[in-house]
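run11.cif, holding mmCIF, C-alpha atoms and all ligand atoms:
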data_run
loop_
_atom_site.label_atom_id
_atom_site.label_comp_id
_atom_site.auth_asym_id
_atom_site.auth_seq_id
_atom_site.Cartn_x
_atom_site.Cartn_y
_atom_site.Cartn_z
CA MET A 1 -4.80 -14.87 -7.30
CA PRO A 2 -6.60 -14.02 -4.04
CA ARG A 3 -10.34 -13.39 -4.12
CA PRO A 4 -11.10 -9.66 -3.73
CA HIS A 5 -12.26 -8.73 -0.27
CA SER A 6 -14.83 -6.21 -1.34
CA THR A 7 -17.71 -8.33 -0.04
CA LEU A 8 -16.06 -8.92 3.31
CA LEU A 9 -14.69 -5.49 3.98
CA ASN A 10 -16.59 -2.30 4.16
CA ARG A 11 -14.37 -0.10 2.04
CA PHE A 12 -14.47 3.62 2.21
CA PHE A 13 -13.59 6.65 0.26
CA ARG A 14 -13.81 10.13 1.61
CA ALA A 15 -11.75 12.46 -0.51
CA HIS A 16 -11.64 15.62 1.54
CA LEU A 17 -9.89 18.21 -0.50
CA ASP A 18 -7.91 20.76 1.43
CA SER A 19 -10.67 23.30 1.29
CA ASP A 20 -13.35 21.15 2.84
CA PHE A 21 -11.20 19.25 5.32
CA HIS A 22 -12.16 20.52 8.74
CA ALA A 23 -12.94 17.90 11.31
CA PRO A 24 -12.95 14.32 10.07
CA ASN A 25 -15.75 12.08 11.26
CA LEU A 26 -13.72 9.89 13.54
CA SER A 27 -14.76 6.66 15.12
CA ARG A 28 -11.38 6.54 16.86
CA PRO A 29 -9.91 9.37 18.93
CA PHE A 30 -7.65 11.51 16.78
CA THR A 31 -4.13 11.24 18.17
CA MET A 32 -1.97 13.92 16.62
CA ASN A 33 1.42 12.59 17.57
CA THR A 34 4.08 15.24 17.38
CA SER A 35 6.86 12.65 16.99
CA PHE A 36 5.63 11.69 13.52
CA ARG A 37 8.53 10.02 11.83
CA HIS A 38 9.04 7.92 8.72
CA GLU A 39 12.35 7.62 6.90
CA PRO A 40 11.56 7.47 3.16
CA VAL A 41 13.02 4.34 1.57
CA LEU A 42 14.96 4.37 -1.72
CA ALA A 43 14.65 8.16 -1.65
CA ALA A 44 17.48 9.00 -4.07
CA GLU A 45 16.27 6.32 -6.49
CA VAL A 46 12.68 7.64 -6.42
CA VAL A 47 13.88 11.16 -7.26
CA GLU A 48 16.16 9.87 -10.00
CA PHE A 49 13.45 7.77 -11.67
CA LEU A 50 10.53 10.20 -11.33
CA ARG A 51 12.60 13.20 -12.53
CA PRO A 52 10.61 15.85 -10.61
CA ARG A 53 11.10 19.38 -11.90
CA GLN A 54 9.34 22.72 -12.15
CA GLY A 55 6.20 22.34 -14.22
CA SER A 56 5.79 18.60 -13.63
CA THR A 57 2.87 17.11 -11.71
CA ILE A 58 3.47 14.03 -9.58
CA ILE A 59 1.02 11.94 -7.57
CA ASP A 60 2.23 10.46 -4.29
CA GLY A 61 -0.41 7.82 -3.55
CA THR A 62 1.04 7.04 -0.13
CA LEU A 63 1.87 10.28 1.66
CA GLY A 64 2.70 8.74 5.09
CA GLY A 65 5.27 10.91 6.88
CA GLY A 66 5.59 13.07 3.76
CA GLY A 67 9.24 12.11 3.16
CA HIS A 68 8.96 11.31 -0.54
CA SER A 69 6.44 14.11 -1.18
CA GLY A 70 8.84 16.59 0.44
CA LEU A 71 11.72 15.46 -1.77
CA LEU A 72 9.63 15.74 -4.93
CA LEU A 73 8.40 19.19 -3.89
CA GLY A 74 12.00 20.17 -3.14
CA GLN A 75 12.79 19.67 -6.84
CA GLY A 76 10.04 22.12 -7.81
CA ALA A 77 7.33 19.64 -8.88
CA ARG A 78 3.65 20.06 -8.08
CA VAL A 79 2.70 17.14 -5.81
CA ILE A 80 -0.77 15.80 -5.06
CA SER A 81 -0.59 13.29 -2.24
CA PHE A 82 -3.13 10.77 -0.99
CA ASP A 83 -3.48 8.93 2.28
CA ARG A 84 -6.31 7.18 4.06
CA ASP A 85 -4.89 8.25 7.38
CA PRO A 86 -6.06 11.66 8.67
CA GLU A 87 -3.08 11.79 11.04
CA ALA A 88 -0.67 11.54 8.09
CA LEU A 89 -2.57 14.28 6.26
CA ALA A 90 -2.63 16.63 9.25
CA HIS A 91 1.08 16.15 9.84
CA ALA A 92 2.04 16.67 6.19
CA ARG A 93 -0.22 19.70 5.75
CA ALA A 94 1.75 21.34 8.54
CA SER A 95 5.24 20.15 7.63
CA LEU A 96 4.90 20.71 3.86
CA ALA A 97 3.05 24.04 4.19
CA PRO A 98 6.15 26.01 3.09
CA HIS A 99 5.62 24.57 -0.42
CA GLY A 100 2.34 26.49 -0.63
CA ALA A 101 0.09 25.78 -3.60
CA LEU A 102 2.51 23.22 -5.06
CA PHE A 103 1.31 20.72 -2.43
CA THR A 104 -2.21 19.29 -2.19
CA ALA A 105 -3.19 16.60 0.32
CA VAL A 106 -6.25 14.44 -0.28
CA GLU A 107 -7.82 11.98 2.15
CA GLY A 108 -8.84 8.74 0.48
CA ASN A 109 -7.79 5.46 -1.03
CA PHE A 110 -5.23 5.95 -3.79
CA SER A 111 -7.22 3.56 -5.97
CA ASP A 112 -9.89 6.28 -6.15
CA ALA A 113 -7.38 8.97 -7.13
CA PRO A 114 -8.69 9.49 -10.70
CA GLU A 115 -12.05 10.78 -9.38
CA ALA A 116 -10.37 13.12 -6.89
CA LEU A 117 -7.93 14.37 -9.53
CA ALA A 118 -10.76 15.03 -11.96
CA GLY A 119 -12.35 17.12 -9.19
CA LEU A 120 -9.12 19.12 -9.01
CA GLY A 121 -9.15 19.60 -12.78
CA ILE A 122 -6.08 17.39 -13.29
CA GLY A 123 -6.03 15.13 -16.34
CA ARG A 124 -2.60 13.74 -17.20
CA VAL A 125 0.29 13.54 -14.74
CA ASP A 126 4.05 13.10 -15.17
CA GLY A 127 4.70 10.61 -12.43
CA VAL A 128 3.08 8.42 -9.80
CA LEU A 129 4.67 6.98 -6.67
CA LEU A 130 3.24 4.21 -4.51
CA ASP A 131 5.25 3.30 -1.40
CA LEU A 132 2.99 0.54 -0.14
CA GLY A 133 2.15 -0.69 3.33
CA VAL A 134 2.07 1.11 6.64
CA SER A 135 4.24 3.96 7.94
CA SER A 136 6.64 3.73 10.87
CA HIS A 137 4.32 6.12 12.68
CA GLN A 138 1.36 3.77 12.26
CA LEU A 139 3.41 0.75 13.34
CA ASP A 140 4.90 2.54 16.33
CA THR A 141 1.63 3.99 17.67
CA PRO A 142 0.14 1.27 19.94
CA GLU A 143 -3.38 2.77 19.76
CA ARG A 144 -3.44 1.99 16.03
CA GLY A 145 -3.28 -1.74 16.80
CA PHE A 146 -0.64 -2.78 14.24
CA SER A 147 1.96 -3.96 16.76
CA PHE A 148 2.06 -7.49 18.15
CA GLN A 149 4.51 -6.34 20.80
CA ARG A 150 2.61 -3.45 22.31
CA GLU A 151 -0.84 -3.49 23.83
CA GLY A 152 -3.54 -1.62 21.96
CA PRO A 153 -7.00 -2.08 20.49
CA LEU A 154 -7.02 -4.73 17.75
CA ASP A 155 -7.74 -2.14 15.07
CA MET A 156 -5.17 -2.02 12.19
CA ARG A 157 -7.19 0.32 9.99
CA MET A 158 -5.14 2.87 8.09
CA GLY A 159 -8.17 5.15 8.06
CA ASN A 160 -11.06 5.60 10.43
CA SER A 161 -13.89 3.61 8.93
CA GLY A 162 -14.61 0.06 7.93
CA MET A 163 -14.00 -3.25 9.60
CA THR A 164 -11.30 -3.52 12.28
CA ALA A 165 -8.97 -6.48 12.78
CA ALA A 166 -11.04 -7.36 15.88
CA ASP A 167 -14.22 -7.44 13.74
CA LEU A 168 -12.47 -9.76 11.32
CA VAL A 169 -11.00 -12.24 13.84
CA ASN A 170 -14.23 -12.29 15.86
CA THR A 171 -16.60 -12.91 12.95
CA ALA A 172 -14.87 -14.57 9.98
CA GLU A 173 -15.21 -18.32 9.53
CA ALA A 174 -12.15 -20.43 10.34
CA SER A 175 -11.64 -21.26 6.65
CA GLU A 176 -11.65 -17.56 5.74
CA LEU A 177 -9.15 -16.71 8.48
CA ALA A 178 -6.90 -19.57 7.40
CA ARG A 179 -7.06 -18.37 3.80
CA ILE A 180 -6.11 -14.82 4.85
CA PHE A 181 -3.19 -16.07 7.00
CA ARG A 182 -1.91 -18.33 4.22
CA ILE A 183 -2.28 -16.00 1.24
CA TYR A 184 -1.41 -12.66 2.82
CA GLY A 185 1.04 -13.91 5.45
CA ASP A 186 2.52 -17.14 4.02
CA GLU A 187 1.75 -18.54 7.48
CA PRO A 188 2.53 -22.29 7.53
CA ARG A 189 0.31 -22.86 10.63
CA ALA A 190 -2.64 -20.98 9.08
CA ILE A 191 -5.26 -23.71 9.68
CA GLN A 192 -4.18 -24.45 13.28
CA ILE A 193 -4.04 -20.76 14.23
CA ALA A 194 -7.45 -20.08 12.68
CA ALA A 195 -8.95 -23.01 14.59
CA ARG A 196 -7.45 -21.80 17.88
CA ILE A 197 -8.79 -18.30 17.29
CA VAL A 198 -12.29 -19.61 16.65
CA ARG A 199 -12.21 -21.75 19.83
CA ALA A 200 -10.86 -18.89 21.95
CA ARG A 201 -13.34 -16.27 20.71
CA GLU A 202 -16.28 -18.47 21.77
CA LYS A 203 -15.23 -17.82 25.38
CA LYS A 204 -14.26 -14.18 24.92
CA PRO A 205 -14.01 -12.10 21.74
CA PHE A 206 -10.59 -10.62 20.98
CA ALA A 207 -10.26 -6.95 21.84
CA THR A 208 -6.55 -6.19 22.00
CA THR A 209 -3.33 -6.83 20.09
CA LEU A 210 -1.63 -8.77 22.88
CA GLU A 211 -4.62 -11.05 23.45
CA LEU A 212 -4.22 -12.23 19.87
CA ALA A 213 -0.40 -12.17 19.79
CA ASP A 214 -0.17 -14.18 23.03
CA LEU A 215 -2.56 -16.83 21.72
CA ILE A 216 -0.49 -17.24 18.53
CA ALA A 217 2.84 -17.20 20.38
CA ALA A 218 1.85 -19.60 23.18
CA GLY A 219 4.60 -22.22 23.52
CA ARG A 220 6.48 -20.95 20.43
CA LYS A 221 9.90 -19.41 20.08
CA GLY A 222 12.02 -18.39 17.13
CA PRO A 223 14.06 -15.59 15.60
CA ARG A 224 10.86 -13.85 14.48
CA HIS A 225 7.88 -13.21 16.73
CA PRO A 226 5.41 -16.05 16.01
CA ALA A 227 2.61 -13.53 15.34
CA THR A 228 4.52 -11.59 12.64
CA ARG A 229 2.88 -13.28 9.66
CA VAL A 230 -0.65 -13.31 11.07
CA PHE A 231 -0.48 -9.61 11.96
CA GLN A 232 0.78 -8.77 8.45
CA ALA A 233 -2.00 -10.85 6.91
CA LEU A 234 -4.73 -9.24 9.01
CA ARG A 235 -3.46 -5.76 8.20
CA ILE A 236 -3.50 -6.51 4.48
CA ALA A 237 -7.04 -7.93 4.68
CA VAL A 238 -8.47 -5.19 6.90
CA ASN A 239 -7.21 -2.49 4.54
CA ASP A 240 -7.95 -4.40 1.32
CA GLU A 241 -4.36 -3.68 0.34
CA ILE A 242 -4.20 -6.15 -2.53
CA GLY A 243 -7.53 -5.04 -4.01
CA SER A 244 -6.44 -1.38 -3.79
CA LEU A 245 -3.19 -2.14 -5.61
CA GLU A 246 -4.91 -4.17 -8.31
CA ARG A 247 -7.38 -1.35 -8.99
CA ALA A 248 -4.75 1.39 -8.78
CA LEU A 249 -2.25 0.06 -11.32
CA PRO A 250 -4.52 0.35 -14.38
CA ALA A 251 -6.10 3.57 -13.05
CA PHE A 252 -2.74 5.33 -12.63
CA SER A 253 -1.45 3.95 -15.94
CA SER A 254 -4.32 5.70 -17.70
CA LEU A 255 -3.50 8.99 -15.98
CA LEU A 256 0.13 9.10 -17.08
CA ALA A 257 1.12 11.46 -19.85
CA PRO A 258 3.34 9.96 -22.57
CA GLY A 259 6.82 9.66 -21.03
CA GLY A 260 5.31 9.73 -17.52
CA ARG A 261 6.53 7.15 -15.02
CA LEU A 262 4.86 4.84 -12.53
CA ALA A 263 7.10 3.85 -9.58
CA VAL A 264 5.99 1.27 -7.03
CA ILE A 265 7.79 0.23 -3.84
CA THR A 266 6.60 -3.06 -2.34
CA PHE A 267 7.52 -4.81 0.88
CA HIS A 268 6.37 -8.38 0.35
CA SER A 269 6.40 -10.92 -2.44
CA LEU A 270 2.66 -11.00 -3.15
CA GLU A 271 2.57 -7.26 -3.91
CA ASP A 272 5.85 -7.39 -5.81
CA ARG A 273 4.54 -10.21 -7.99
CA ILE A 274 1.40 -8.22 -8.84
CA VAL A 275 3.47 -5.19 -9.88
CA LYS A 276 6.01 -7.27 -11.81
CA GLN A 277 3.32 -9.14 -13.75
CA PHE A 278 1.36 -5.96 -14.47
CA PHE A 279 4.44 -4.20 -15.86
CA ARG A 280 5.46 -7.29 -17.84
CA ARG A 281 2.00 -7.73 -19.36
CA HIS A 282 1.89 -4.09 -20.46
CA SER A 283 5.49 -3.71 -21.65
CA ALA A 284 6.14 -6.91 -23.61
CA ALA A 285 6.65 -6.07 -27.29
CA GLU A 286 5.19 -9.38 -28.44
CA ILE A 287 3.02 -12.13 -27.10
CA ASP A 288 2.56 -15.77 -28.09
CA ASN A 289 0.28 -16.42 -30.99
CA PRO A 290 -1.61 -19.69 -30.52
CA THR A 291 -2.62 -19.91 -34.19
CA TRP A 292 0.71 -19.04 -35.77
CA PRO A 293 4.30 -20.07 -35.02
CA ALA A 294 5.54 -16.48 -34.84
CA PRO A 295 4.62 -14.21 -31.91
CA ARG A 296 2.33 -11.23 -32.60
CA PRO A 297 2.58 -7.62 -31.35
CA ASN A 298 1.21 -7.14 -27.84
CA PRO A 299 -2.03 -5.11 -28.09
CA GLU A 300 -1.79 -4.26 -24.37
CA ARG A 301 1.64 -2.66 -24.64
CA ILE A 302 1.52 0.77 -23.03
CA PHE A 303 4.81 0.82 -21.09
CA ASP A 304 8.54 0.73 -21.66
CA THR A 305 10.50 -0.96 -18.91
CA VAL A 306 12.70 1.36 -16.86
CA THR A 307 13.91 -1.09 -14.19
CA ALA A 308 14.51 -4.50 -15.76
CA ARG A 309 14.89 -5.93 -12.23
CA SER A 310 13.60 -4.57 -8.98
CA VAL A 311 15.82 -1.96 -7.32
CA THR A 312 16.76 -2.63 -3.69
CA ALA A 313 18.39 -0.56 -0.95
CA SER A 314 22.12 0.10 -1.00
CA PRO A 315 24.31 -1.27 1.82
CA SER A 316 24.48 2.20 3.40
CA GLU A 317 20.70 2.60 3.36
CA LEU A 318 20.27 -0.90 4.79
CA GLU A 319 22.54 0.05 7.65
CA ALA A 320 20.84 3.37 8.30
CA ASN A 321 17.24 2.17 7.88
CA PRO A 322 16.52 -1.52 8.58
CA ARG A 323 12.97 -1.06 7.25
CA SER A 324 14.45 -0.75 3.75
CA ARG A 325 15.53 -4.42 3.90
CA SER A 326 12.53 -5.80 2.06
CA ALA A 327 11.79 -2.76 -0.15
CA ARG A 328 11.69 -3.38 -3.92
CA LEU A 329 11.19 -0.58 -6.42
CA ARG A 330 9.90 -1.15 -9.96
CA VAL A 331 9.41 1.61 -12.52
CA ALA A 332 7.77 1.70 -15.95
CA GLU A 333 7.37 4.56 -18.43
CA ARG A 334 4.24 5.29 -20.41
CA ARG A 335 4.97 4.87 -24.11
CA VAL A 336 4.69 7.88 -26.34
CA THR A 337 3.06 6.29 -29.33
CA ASP A 338 0.08 4.19 -28.49
CA LEU A 339 -3.50 4.27 -27.35
CA GLN A 340 -4.04 6.62 -24.45
CA GLY A 341 -6.83 4.43 -23.14
CA GLY A 342 -6.94 2.29 -20.01
CA ALA A 343 -4.58 -0.50 -19.15
CA ALA A 344 -7.15 -2.73 -17.58
C1 LIG B 1 5.00 3.26 3.72
S1 LIG B 1 4.00 4.60 4.16
C2 LIG B 1 4.51 5.86 3.05
C3 LIG B 1 5.67 6.66 3.54
C4 LIG B 1 6.01 7.86 2.68
N1 LIG B 1 6.40 7.48 1.35
C5 LIG B 1 7.06 8.73 3.33
O1 LIG B 1 8.09 8.96 2.70
O2 LIG B 1 6.87 9.17 4.45
C6 LIG B 1 2.47 4.17 3.48
C7 LIG B 1 1.37 5.18 3.71
O3 LIG B 1 0.40 4.96 2.71
C8 LIG B 1 -0.87 4.91 3.25
N2 LIG B 1 -1.62 3.98 2.40
C9 LIG B 1 -1.41 2.67 2.21
N3 LIG B 1 -2.29 2.16 1.35
C10 LIG B 1 -3.09 3.19 0.98
C11 LIG B 1 -4.19 3.31 0.06
N4 LIG B 1 -4.67 2.24 -0.60
N5 LIG B 1 -4.73 4.52 -0.12
C12 LIG B 1 -4.26 5.61 0.55
N6 LIG B 1 -3.25 5.55 1.43
C13 LIG B 1 -2.66 4.36 1.63
C14 LIG B 1 -0.71 4.46 4.67
O4 LIG B 1 -1.76 4.97 5.47
C15 LIG B 1 0.65 5.04 5.03
O5 LIG B 1 0.51 6.30 5.64
#
Produce structure tokens that represent the structure in this file.
Ligand SMILES: C[S@@+](CC[C@H](N)C(=O)[O-])C[C@H]1O[C@@H](n2cnc3c(N)ncnc32)[C@H](O)[C@@H]1O
Amino acid sequence: MPRPHSTLLNRFFRAHLDSDFHAPNLSRPFTMNTSFRHEPVLAAEVVEFLRPRQGSTIIDGTLGGGGHSGLLLGQGARVISFDRDPEALAHARASLAPHGALFTAVEGNFSDAPEALAGLGIGRVDGVLLDLGVSSHQLDTPERGFSFQREGPLDMRMGNSGMTAADLVNTAEASELARIFRIYGDEPRAIQIAARIVRAREKKPFATTLELADLIAAGRKGPRHPATRVFQALRIAVNDEIGSLERALPAFSSLLAPGGRLAVITFHSLEDRIVKQFFRRHSAAEIDNPTWPAPRPNPERIFDTVTARSVTASPSELEANPRSRSARLRVAERRVTDLQGGAA
């Protein structure tokens, strides 16, 4: 299990509710891109599993382009959506405005949602969706610094505060960089790449995406760009994506009303494993009993399994949206009869 990054990364939480969201304090120029686009993955499956309807309240922890939120709103549900990215919020506030008071957009990390929801007077909810990772808009906007193929500042922050990818590659020790590349990117050359970065930054600190991508790719070829894994790993570290997920799962579990459902879409094996193990730990009927041959009832059981295996994209979705290739959806349902306490 990776060490949390809270000491390394300056995390942030600024939950601006609609009413007090005027001009965010930006350390990066605000680029309101009118071509904001993100095709929601596993859209029909999300609607089927979350069962949105009039009178139900659903949290979308990852608003992005607003695709899933729009579909849930379209079924009559009240939707409260979170994103760390002010560009995503501004876009969705405009595009989902026709849904009026049914839609609320909140700026902040979804792992801090319980506080923000308490501020909105919301206790229990009927469904939660997390569609993890970055949006197509973020990936395709060079100024955001996520792309290893397009020149831009080496930023990679989903929001506007905290440590950038440049801060990380220019200051972290080689062993820390290697650990990030190995754990978050499964990068087989983690140690060599970290050592090359540390040597190169002594001459000139890294400032842009292509400076780093070119160093990693030098002399390498292959079906995938040689910087793919390192860029994924840096993005995960910069945004504390694993820590956010690990904090959010128990927090959202505690917010669900009996019969409410938690649906999580992941895009890489580390995240998927965390979700799978969390659901398994909290849905098993029995656990081993070290002092008795028979198993005993699981005191942490708060869920019933909805998807025994992860749900993946259909052939037609794969053809229409290549980004759905690595998407895995898992869903669990809060049990009716048990403690309504936390799942941590
Ligand atoms: C894959 S996109 C979501 C796309 C969205 N479901 C749609 O249909 O358009 C992920 C979004 O979640 C946001 N995000 C990722 N992790 C987050 C976190 N811990 N807290 C808040 N927002 C987060 C990203 O900024 C990004 O906009």
Show me, as a ChimeraX atom specification, the residues that have an atom within 12 Å of A:His268 when counting only C-alpha atoms, minus same-chain residues fewer than 4 positions from it.
/A:131-133,183-186,229,232-233,236,241-242,272-275,324-329
For the selection you just gave me, I'd like the residues written to a file as a compact mmCIF listing (two decimals), in the frame of the given file, keeping C-alpha atoms.
# COMPACT_ATOMS: atom_id res chain seq x y z
CA ASP A 131 5.25 3.30 -1.40
CA LEU A 132 2.99 0.54 -0.14
CA GLY A 133 2.15 -0.69 3.33
CA ILE A 183 -2.28 -16.00 1.24
CA TYR A 184 -1.41 -12.66 2.82
CA GLY A 185 1.04 -13.91 5.45
CA ASP A 186 2.52 -17.14 4.02
CA ARG A 229 2.88 -13.28 9.66
CA GLN A 232 0.78 -8.77 8.45
CA ALA A 233 -2.00 -10.85 6.91
CA ILE A 236 -3.50 -6.51 4.48
CA GLU A 241 -4.36 -3.68 0.34
CA ILE A 242 -4.20 -6.15 -2.53
CA ASP A 272 5.85 -7.39 -5.81
CA ARG A 273 4.54 -10.21 -7.99
CA ILE A 274 1.40 -8.22 -8.84
CA VAL A 275 3.47 -5.19 -9.88
CA SER A 324 14.45 -0.75 3.75
CA ARG A 325 15.53 -4.42 3.90
CA SER A 326 12.53 -5.80 2.06
CA ALA A 327 11.79 -2.76 -0.15
CA ARG A 328 11.69 -3.38 -3.92
CA LEU A 329 11.19 -0.58 -6.42
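Of the listed residues (A:Leu42, A:Val134, A:Ala101, A:Leu72), A:Val134 comes nearest to ligand LIG 1 (chain B); the distances count all atoms listed in the file.
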Would you mind listing what lies within 10 Å of A:Ala174 as a ChimeraX atom specification, with all atoms listed in the file counted and same-chain residues fewer than 5 positions away left out?
/A:169,179-180,190-199
Nearest to A:Phe110 among A:Gly243, A:Gly259, A:Pro52, A:Pro315, with distances taken over all atoms listed in the file: which residue is it?
A:Gly243
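We find atom CA of A:His282 and atom CA of A:Leu73 to be spaced 29.3 Å apart.
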Is there a way to get, as a PyMOL selection string, all residues within 6 Å of the point (17.0, 1.3, 0.5) in file coordinates, counting only C-alpha atoms?
chain A and resi 41-42+312-314+317-318+324
Residues within 9 Å of ligand LIG 1 (chain B), counting all atoms listed in the file: report them as a tab-separated table (two decimals) with C-alpha atoms, in the frame of the given file.
chain	number	residue	atom	x	y	z
A	37	ARG	CA	8.53	10.02	11.83
A	38	HIS	CA	9.04	7.92	8.72
A	39	GLU	CA	12.35	7.62	6.90
A	40	PRO	CA	11.56	7.47	3.16
A	41	VAL	CA	13.02	4.34	1.57
A	43	ALA	CA	14.65	8.16	-1.65
A	60	ASP	CA	2.23	10.46	-4.29
A	61	GLY	CA	-0.41	7.82	-3.55
A	62	THR	CA	1.04	7.04	-0.13
A	63	LEU	CA	1.87	10.28	1.66
A	64	GLY	CA	2.70	8.74	5.09
A	65	GLY	CA	5.27	10.91	6.88
A	66	GLY	CA	5.59	13.07	3.76
A	67	GLY	CA	9.24	12.11	3.16
A	68	HIS	CA	8.96	11.31	-0.54
A	69	SER	CA	6.44	14.11	-1.18
A	70	GLY	CA	8.84	16.59	0.44
A	71	LEU	CA	11.72	15.46	-1.77
A	81	SER	CA	-0.59	13.29	-2.24
A	82	PHE	CA	-3.13	10.77	-0.99
A	83	ASP	CA	-3.48	8.93	2.28
A	84	ARG	CA	-6.31	7.18	4.06
A	85	ASP	CA	-4.89	8.25	7.38
A	86	PRO	CA	-6.06	11.66	8.67
A	87	GLU	CA	-3.08	11.79	11.04
A	88	ALA	CA	-0.67	11.54	8.09
A	89	LEU	CA	-2.57	14.28	6.26
A	107	GLU	CA	-7.82	11.98	2.15
A	108	GLY	CA	-8.84	8.74	0.48
A	109	ASN	CA	-7.79	5.46	-1.03
A	110	PHE	CA	-5.23	5.95	-3.79
A	111	SER	CA	-7.22	3.56	-5.97
A	112	ASP	CA	-9.89	6.28	-6.15
A	113	ALA	CA	-7.38	8.97	-7.13
A	129	LEU	CA	4.67	6.98	-6.67
A	130	LEU	CA	3.24	4.21	-4.51
A	131	ASP	CA	5.25	3.30	-1.40
A	132	LEU	CA	2.99	0.54	-0.14
A	133	GLY	CA	2.15	-0.69	3.33
A	134	VAL	CA	2.07	1.11	6.64
A	135	SER	CA	4.24	3.96	7.94
A	136	SER	CA	6.64	3.73	10.87
A	137	HIS	CA	4.32	6.12	12.68
A	138	GLN	CA	1.36	3.77	12.26
A	157	ARG	CA	-7.19	0.32	9.99
A	158	MET	CA	-5.14	2.87	8.09
A	159	GLY	CA	-8.17	5.15	8.06
A	239	ASN	CA	-7.21	-2.49	4.54
A	240	ASP	CA	-7.95	-4.40	1.32
A	241	GLU	CA	-4.36	-3.68	0.34
A	242	ILE	CA	-4.20	-6.15	-2.53
A	243	GLY	CA	-7.53	-5.04	-4.01
A	244	SER	CA	-6.44	-1.38	-3.79
A	245	LEU	CA	-3.19	-2.14	-5.61
A	248	ALA	CA	-4.75	1.39	-8.78
A	265	ILE	CA	7.79	0.23	-3.84
A	266	THR	CA	6.60	-3.06	-2.34
A	267	PHE	CA	7.52	-4.81	0.88
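Of the listed residues A:Phe252, A:Phe103, A:Phe279, A:Phe148, the one whose atoms come nearest to A:Thr305 is A:Phe279, with distances taken using all atoms listed in the file.
Using only C-alpha atoms, the shortest contact distance between A:Ser269 and any of A:Ser310, A:Ile302, A:Ser316, A:Arg144 is found at A:Ser310.
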Give me, please, the distance in Å between atom CA of A:Gly145 and atom CA of A:Ala263, quoted to one decimal.
28.9 Å
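As for atom CA of A:Ala332 and atom CA of A:Val306, they are spaced 5.0 Å apart.
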Need to verify the contact set: A:Arg335, 12 Å, only C-alpha atoms, exclusion of same-chain residues closer than 2 positions in sequence. Can you return it as a compact mmCIF listing (two decimals) with C-alpha atoms, keeping the file's coordinate frame?
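In the end it all went to selection18.txt:
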# COMPACT_ATOMS: atom_id res chain seq x y z
CA SER A 253 -1.45 3.95 -15.94
CA SER A 254 -4.32 5.70 -17.70
CA LEU A 256 0.13 9.10 -17.08
CA ALA A 257 1.12 11.46 -19.85
CA PRO A 258 3.34 9.96 -22.57
CA GLY A 259 6.82 9.66 -21.03
CA GLY A 260 5.31 9.73 -17.52
CA ARG A 261 6.53 7.15 -15.02
CA LEU A 262 4.86 4.84 -12.53
CA HIS A 282 1.89 -4.09 -20.46
CA SER A 283 5.49 -3.71 -21.65
CA ALA A 284 6.14 -6.91 -23.61
CA ALA A 285 6.65 -6.07 -27.29
CA GLU A 300 -1.79 -4.26 -24.37
CA ARG A 301 1.64 -2.66 -24.64
CA ILE A 302 1.52 0.77 -23.03
CA PHE A 303 4.81 0.82 -21.09
CA ASP A 304 8.54 0.73 -21.66
CA THR A 305 10.50 -0.96 -18.91
CA VAL A 306 12.70 1.36 -16.86
CA ALA A 332 7.77 1.70 -15.95
CA GLU A 333 7.37 4.56 -18.43
CA THR A 337 3.06 6.29 -29.33
CA ASP A 338 0.08 4.19 -28.49
CA LEU A 339 -3.50 4.27 -27.35
CA GLN A 340 -4.04 6.62 -24.45
CA GLY A 341 -6.83 4.43 -23.14
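Of the residues listed (A:Ala217, A:Ala227, A:Val106, A:Ala207), A:Ala227 shows the shortest atom-to-atom separation from A:Phe181; distances use only C-alpha atoms.
The smallest atom-to-atom distance between A:Val79 and any of A:Leu117, A:Pro290, A:Gly55, A:Leu102, using only C-alpha atoms, is found for A:Leu102.
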Do a neighbour search on A:Ile287 at 6 Å with only C-alpha atoms, toss out local chain neighbours closer than 3 positions, and write the hits as a PyMOL selection string.
chain A and resi 295-296+298
